[in-house]
Amino acid sequence: MSKQDSPLVLGNEKVGKLLIQYALPAIVAMTASSLYNMADSIFIGHGVGALGIAGLALTFPLMNLAAAFGSLVGVGASAIISVKLGQKDYDSANRVLGNVVVLNGILGIFFTLICLPVLDQILYFFGASDETLPYARDYMEIILVGNVVTHMHLGLNNVLRASGAPKYSMYATLASVVINCILNPIFIFGMGWGIKGSAWATVISQVISLAWQISYFSNPKQFLHFKKGIYKLKKDLVTSIFGIGLSPFLMNICSSLIIILINRGLKEYGGDMAIGAYGIVNRITFLFVMIIMGLNQGMQPIAGYNFGARQFGRVKEVFKQTIIYAVGIASSGFLIAHLIPSVIVRMFTSDQDLIEASVYGLHIVFAVFPLVGLQMVIVNFFQSIGKARKAIFLSLTRQAIFLIPCLLILPPLSGALGVWISLPIADSISVIISYIVLRNQFKKFNHPQTL
């Protein structure tokens, strides 16, 4: 975005038009990314087999941990940039860009150095068996080598969206996805690299996309761009970035713990095939979650800017419109999961046992899925306006406070069923808590002096 194309339109353009303008590129990018993840599993399912899918599912906790550190920087930075732009503090916004680069580099390298030497032990703890460990290890070793690239790529994409360039963020994601989908079958089938080929496709595609992002921010004509003096870590900025990013960080940490508990529970009560079924259900769920996340990313700069400008009527309006769209998306997932589950699952595998186990899990996980859309928007809303403590609390209600106890208590009582039903139970309770906190926040908007 050029300097002439100021993000000031966030404060005066029609909210509905802005939401579509900002959310649509993010939704396209997120949908493409989730479709890649589905395609990744499909290629592995048909090119490697059911154990390959189970092995891939075992890597989800570690990949969530990596994403946790990425979101700690990226989400926090994007929220601060939006607020700083709303306050017309352009120098601080540019310094956030420099701090994003440095922090992502440090955390990305640190995570790789910690995990690689003890990878086998980690995967066994996550629920790997002797049969699935080789697949999980082969995939994750390569992903960890490219981890710093992943961190940097995701971090700069967050900055692109927050600085008023959602289309460029979409282009970066789409480039990564398209290259990935081209390389995947070449490496898996053509080169015969198996699950390693899928991992290499992921890393190479992100390297190419990151190179384009670096080129974009190296252009001094852009509103935010690389320049001297912005890379020194500033205590106040780092504290603010981590403070706001702590909510998605903890959410991803809890997600990792939850997936570990799910995988270990399913291994004990259902075996490797049950873990593979969860891997498929997780990928399908991920598609709808990512679409809602794209919608949330469209809401974020609008809500953040107008909150910084104290235009609370516009803040409430963008939230309400986002809720309507998100619940509609989640409801579509609910209908698909209950009307044509076997059609969707057969895309991933032809193994009949795995198909039956996946359809069974799909029905249960999507039982109250429309509520998931509601809760996701509420949590992201508090992140967007810089209310880190509330966002953290609401993030933890579903995962740490409700879901983890369910996963510890229910499986010993009812086996694999107890693992599956823990998810909709936690969703139902957490959305009630989120609504109560949201209602109190909206009351404060009516009395700005209390903010």
# chains A, B, ... in the order shown; residues from 1 in each chain; ligands from 1
>>> closest_atom_pairs(of="range 238-342 of chain A", to="range 69-78 of chain A", cutoff="6 Å", atoms="only C-alpha atoms", output="CSV")
residue,atom,partner,partner_atom,distance
A:Ile241,CA,A:Gly76,CA,4.3
A:Phe242,CA,A:Leu72,CA,5.9
A:Ile244,CA,A:Gly76,CA,4.7
A:Gly245,CA,A:Gly76,CA,4.0
A:Leu246,CA,A:Leu72,CA,5.7
A:Phe249,CA,A:Leu72,CA,5.0
>>> write_last_selection(atoms="N, CA and C atoms", output="PDB file, in the first residue's frame")
ATOM      1  N   ILE A 241       3.204  -6.203  22.613  1.00  0.00           N
ATOM      2  CA  ILE A 241       3.025  -7.296  21.637  1.00  0.00           C
ATOM      3  C   ILE A 241       2.754  -8.603  22.354  1.00  0.00           C
ATOM      4  N   PHE A 242       3.593  -8.918  23.342  1.00  0.00           N
ATOM      5  CA  PHE A 242       3.417 -10.167  24.078  1.00  0.00           C
ATOM      6  C   PHE A 242       2.144 -10.152  24.914  1.00  0.00           C
ATOM      7  N   ILE A 244      -0.778  -8.658  24.296  1.00  0.00           N
ATOM      8  CA  ILE A 244      -1.955  -8.935  23.465  1.00  0.00           C
ATOM      9  C   ILE A 244      -1.836 -10.306  22.814  1.00  0.00           C
ATOM     10  N   GLY A 245      -0.627 -10.665  22.381  1.00  0.00           N
ATOM     11  CA  GLY A 245      -0.428 -11.966  21.728  1.00  0.00           C
ATOM     12  C   GLY A 245      -0.503 -13.136  22.687  1.00  0.00           C
ATOM     13  N   LEU A 246      -0.513 -12.848  23.995  1.00  0.00           N
ATOM     14  CA  LEU A 246      -0.552 -13.925  24.980  1.00  0.00           C
ATOM     15  C   LEU A 246      -1.832 -14.741  24.880  1.00  0.00           C
ATOM     16  N   PHE A 249      -1.474 -17.131  22.029  1.00  0.00           N
ATOM     17  CA  PHE A 249      -0.364 -18.001  22.424  1.00  0.00           C
ATOM     18  C   PHE A 249      -0.858 -19.087  23.372  1.00  0.00           C
TER      19      PHE A 249
END
>>> residues_around(residues="range 358-373 of chain A", least_positions_apart="4", cutoff="7 Å", atoms="only C-alpha atoms", output="ChimeraX atom specification")
/A:277-278,280-281,292,326-327,330-331,334,337-338,341-342,345,354,377,420-421,423-424,427-428,431
>>> closest_atom_pairs(of="range 136-165 of chain A", to="range 209-230 of chain A", cutoff="12 Å", atoms="only C-alpha atoms", output="Markdown table")
| residue | atom | partner | partner_atom | distance |
| --- | --- | --- | --- | --- |
| A:Gly146 | CA | A:Leu210 | CA | 11.7 |
| A:Val148 | CA | A:Leu210 | CA | 10.7 |
| A:Val149 | CA | A:Leu210 | CA | 7.2 |
| A:Thr150 | CA | A:Leu210 | CA | 8.5 |
| A:His151 | CA | A:Leu210 | CA | 9.9 |
| A:Met152 | CA | A:Leu210 | CA | 7.3 |
| A:His153 | CA | A:Leu210 | CA | 5.2 |
| A:Leu154 | CA | A:Leu210 | CA | 8.8 |
| A:Gly155 | CA | A:Leu210 | CA | 10.1 |
| A:Leu156 | CA | A:Gln213 | CA | 7.0 |
| A:Asn157 | CA | A:Gln213 | CA | 7.9 |
| A:Asn158 | CA | A:Gln213 | CA | 11.2 |
| A:Val159 | CA | A:Leu224 | CA | 8.8 |
| A:Leu160 | CA | A:Leu224 | CA | 8.7 |
| A:Arg161 | CA | A:Leu224 | CA | 11.5 |
| A:Ala162 | CA | A:Leu224 | CA | 10.4 |
| A:Ser163 | CA | A:Leu224 | CA | 7.2 |
| A:Gly164 | CA | A:Phe223 | CA | 8.9 |
| A:Ala165 | CA | A:Phe223 | CA | 9.5 |
>>> atom_distance(atom1="CA of Asn12 in chain A", atom2="CA of Asn380 in chain A")
22.2 Å
>>> atom_distance(atom1="CA of Thr349 in chain A", atom2="CA of Cys254 in chain A")
28.9 Å
>>> residues_around(residues="Gln383 in chain A", least_positions_apart="3", cutoff="9 Å", atoms="only C-alpha atoms", output="PyMOL selection string")
chain A and resi 75-76+79+244-245+247-248+300+304+378-380+386-392
>>> atom_distance(atom1="CA of Ile44 in chain A", atom2="CA of Thr31 in chain A")
19.7 Å
>>> residues_around(residues="Ala175 in chain A", least_positions_apart="5", cutoff="12 Å", atoms="only C-alpha atoms", output="list in words")
Val28, Ala29, Ala32, Ser33, Tyr36, His153, Tyr168, Ser169, Met170, Asn180, Cys181, Ile182, Thr202, Ile204, Ser205, Gln206, Val207, Ile208, Ser209, Leu210, Ala211, Trp212 and Gln213 of chain A
>>> residues_around(residues="Phe442 in chain A", least_positions_apart="3", cutoff="12 Å", atoms="only C-alpha atoms", output="list in words")
Phe312, Gly313, Val315, Lys316, Glu317, Phe319, Lys320, Ile378, Phe381, Phe382, Tyr435, Ile436, Val437, Leu438, Arg439, Phe445, Asn446, His447, Pro448, Thr450 and Leu451 of chain A
>>> write_last_selection(atoms="N, CA and C atoms", output="PDB file, in the first residue's frame")
ATOM      1  N   PHE A 312     -17.011   4.134  19.084  1.00  0.00           N
ATOM      2  CA  PHE A 312     -17.497   2.866  19.611  1.00  0.00           C
ATOM      3  C   PHE A 312     -18.731   2.342  18.879  1.00  0.00           C
ATOM      4  N   GLY A 313     -19.496   3.224  18.272  1.00  0.00           N
ATOM      5  CA  GLY A 313     -20.628   2.764  17.478  1.00  0.00           C
ATOM      6  C   GLY A 313     -20.168   1.912  16.307  1.00  0.00           C
ATOM      7  N   VAL A 315     -17.325   0.268  16.236  1.00  0.00           N
ATOM      8  CA  VAL A 315     -16.756  -0.959  16.820  1.00  0.00           C
ATOM      9  C   VAL A 315     -17.854  -2.005  17.010  1.00  0.00           C
ATOM     10  N   LYS A 316     -18.976  -1.589  17.588  1.00  0.00           N
ATOM     11  CA  LYS A 316     -20.082  -2.519  17.819  1.00  0.00           C
ATOM     12  C   LYS A 316     -20.685  -3.016  16.507  1.00  0.00           C
ATOM     13  N   GLU A 317     -20.754  -2.122  15.543  1.00  0.00           N
ATOM     14  CA  GLU A 317     -21.367  -2.499  14.269  1.00  0.00           C
ATOM     15  C   GLU A 317     -20.550  -3.565  13.548  1.00  0.00           C
ATOM     16  N   PHE A 319     -18.534  -5.694  14.873  1.00  0.00           N
ATOM     17  CA  PHE A 319     -18.641  -6.939  15.639  1.00  0.00           C
ATOM     18  C   PHE A 319     -19.931  -7.687  15.291  1.00  0.00           C
ATOM     19  N   LYS A 320     -21.049  -6.971  15.287  1.00  0.00           N
ATOM     20  CA  LYS A 320     -22.336  -7.613  15.037  1.00  0.00           C
ATOM     21  C   LYS A 320     -22.403  -8.222  13.641  1.00  0.00           C
ATOM     22  N   ILE A 378     -16.025 -13.605  19.441  1.00  0.00           N
ATOM     23  CA  ILE A 378     -15.968 -12.859  20.702  1.00  0.00           C
ATOM     24  C   ILE A 378     -14.532 -12.771  21.211  1.00  0.00           C
ATOM     25  N   PHE A 381     -12.533 -10.461  19.022  1.00  0.00           N
ATOM     26  CA  PHE A 381     -12.975  -9.084  19.214  1.00  0.00           C
ATOM     27  C   PHE A 381     -12.199  -8.432  20.352  1.00  0.00           C
ATOM     28  N   PHE A 382     -12.049  -9.126  21.466  1.00  0.00           N
ATOM     29  CA  PHE A 382     -11.316  -8.563  22.596  1.00  0.00           C
ATOM     30  C   PHE A 382      -9.831  -8.416  22.279  1.00  0.00           C
ATOM     31  N   TYR A 435     -20.513 -14.919  26.213  1.00  0.00           N
ATOM     32  CA  TYR A 435     -21.623 -13.986  26.008  1.00  0.00           C
ATOM     33  C   TYR A 435     -21.769 -13.038  27.198  1.00  0.00           C
ATOM     34  N   ILE A 436     -21.604 -13.563  28.399  1.00  0.00           N
ATOM     35  CA  ILE A 436     -21.730 -12.736  29.608  1.00  0.00           C
ATOM     36  C   ILE A 436     -20.660 -11.644  29.633  1.00  0.00           C
ATOM     37  N   VAL A 437     -19.406 -12.023  29.318  1.00  0.00           N
ATOM     38  CA  VAL A 437     -18.304 -11.052  29.310  1.00  0.00           C
ATOM     39  C   VAL A 437     -18.521 -10.011  28.216  1.00  0.00           C
ATOM     40  N   LEU A 438     -18.991 -10.453  27.050  1.00  0.00           N
ATOM     41  CA  LEU A 438     -19.245  -9.535  25.938  1.00  0.00           C
ATOM     42  C   LEU A 438     -20.330  -8.523  26.298  1.00  0.00           C
ATOM     43  N   ARG A 439     -21.387  -8.981  26.925  1.00  0.00           N
ATOM     44  CA  ARG A 439     -22.489  -8.087  27.277  1.00  0.00           C
ATOM     45  C   ARG A 439     -22.013  -6.981  28.209  1.00  0.00           C
ATOM     46  N   PHE A 445     -19.288   0.445  26.430  1.00  0.00           N
ATOM     47  CA  PHE A 445     -19.279   1.292  25.234  1.00  0.00           C
ATOM     48  C   PHE A 445     -20.329   2.397  25.323  1.00  0.00           C
ATOM     49  N   ASN A 446     -21.404   2.113  26.028  1.00  0.00           N
ATOM     50  CA  ASN A 446     -22.457   3.112  26.184  1.00  0.00           C
ATOM     51  C   ASN A 446     -22.083   4.191  27.195  1.00  0.00           C
ATOM     52  N   HIS A 447     -21.012   3.907  27.960  1.00  0.00           N
ATOM     53  CA  HIS A 447     -20.508   4.873  28.949  1.00  0.00           C
ATOM     54  C   HIS A 447     -18.992   4.966  28.800  1.00  0.00           C
ATOM     55  N   PRO A 448     -18.500   5.656  27.757  1.00  0.00           N
ATOM     56  CA  PRO A 448     -17.077   5.691  27.412  1.00  0.00           C
ATOM     57  C   PRO A 448     -16.159   6.115  28.551  1.00  0.00           C
ATOM     58  N   THR A 450     -15.995   4.997  31.362  1.00  0.00           N
ATOM     59  CA  THR A 450     -15.602   3.839  32.172  1.00  0.00           C
ATOM     60  C   THR A 450     -14.494   3.033  31.524  1.00  0.00           C
ATOM     61  N   LEU A 451     -14.171   3.346  30.268  1.00  0.00           N
ATOM     62  CA  LEU A 451     -13.150   2.572  29.555  1.00  0.00           C
ATOM     63  C   LEU A 451     -11.738   2.997  29.959  1.00  0.00           C
TER      64      LEU A 451
END
>>> closest_residue(among="A:Arg283, A:Ile186, A:Thr173, A:Tyr305", to="Met347 in chain A", atoms="only C-alpha atoms")
A:Arg283
>>> residues_around(residues="Thr59 in chain A", least_positions_apart="3", cutoff="9 Å", atoms="only C-alpha atoms", output="number ranges by chain")
A: 55-56, 62-64, 123, 126, 136-137, 139-140
>>> write_last_selection(atoms="N, CA and C atoms", output="compact mmCIF listing (two decimals), in the first residue's frame")
# COMPACT_ATOMS: atom_id res chain seq x y z
N GLY A 55 0.29 -40.71 11.50
CA GLY A 55 1.56 -40.07 11.81
C GLY A 55 1.48 -38.56 11.69
N LEU A 56 0.80 -38.10 10.65
CA LEU A 56 0.61 -36.66 10.47
C LEU A 56 -0.19 -36.07 11.62
N LEU A 62 2.82 -30.41 18.05
CA LEU A 62 4.09 -29.70 17.89
C LEU A 62 3.94 -28.53 16.92
N MET A 63 3.15 -28.72 15.89
CA MET A 63 2.91 -27.63 14.95
C MET A 63 2.08 -26.53 15.61
N ASN A 64 1.18 -26.90 16.50
CA ASN A 64 0.42 -25.90 17.26
C ASN A 64 1.33 -25.12 18.21
N LEU A 123 7.37 -37.08 20.32
CA LEU A 123 6.32 -37.75 19.54
C LEU A 123 5.75 -38.96 20.28
N PHE A 126 3.35 -37.68 22.65
CA PHE A 126 2.14 -37.23 21.97
C PHE A 126 1.21 -38.38 21.60
N ALA A 136 5.70 -39.72 11.55
CA ALA A 136 5.66 -38.45 12.25
C ALA A 136 7.04 -37.80 12.29
N ARG A 137 8.08 -38.60 12.55
CA ARG A 137 9.43 -38.06 12.63
C ARG A 137 9.91 -37.53 11.28
N TYR A 139 8.26 -36.37 8.84
CA TYR A 139 7.57 -35.13 8.49
C TYR A 139 8.06 -33.96 9.35
N MET A 140 8.14 -34.16 10.64
CA MET A 140 8.39 -33.06 11.57
C MET A 140 9.84 -32.59 11.54
>>> residues_around(residues="range 295-298 of chain A", least_positions_apart="4", cutoff="6 Å", atoms="only C-alpha atoms", output="list in words")
Leu19, Tyr22, Ala23 and Ile27 of chain A
>>> write_last_selection(atoms="C-alpha atoms", output="compact mmCIF listing (two decimals), in the first residue's frame")
# COMPACT_ATOMS: atom_id res chain seq x y z
CA LEU A 19 -15.62 -5.74 6.48
CA TYR A 22 -10.80 -6.61 4.50
CA ALA A 23 -12.31 -10.00 5.29
CA ILE A 27 -11.04 -15.56 3.93
>>> select_by_dssp(residues="range 171-303 of chain A", states="alpha helix (DSSP H)", output="PyMOL selection string")
chain A and resi 171-185+195-217+235-269+272-303
>>> closest_residue(among="A:Asn440, A:Thr322, A:Thr132, A:Ser395", to="Asp120 in chain A", atoms="only C-alpha atoms")
A:Thr132
>>> closest_residue(among="A:Gly333, A:Pro61, A:Gly197, A:Pro301", to="Val318 in chain A", atoms="only C-alpha atoms")
A:Pro301
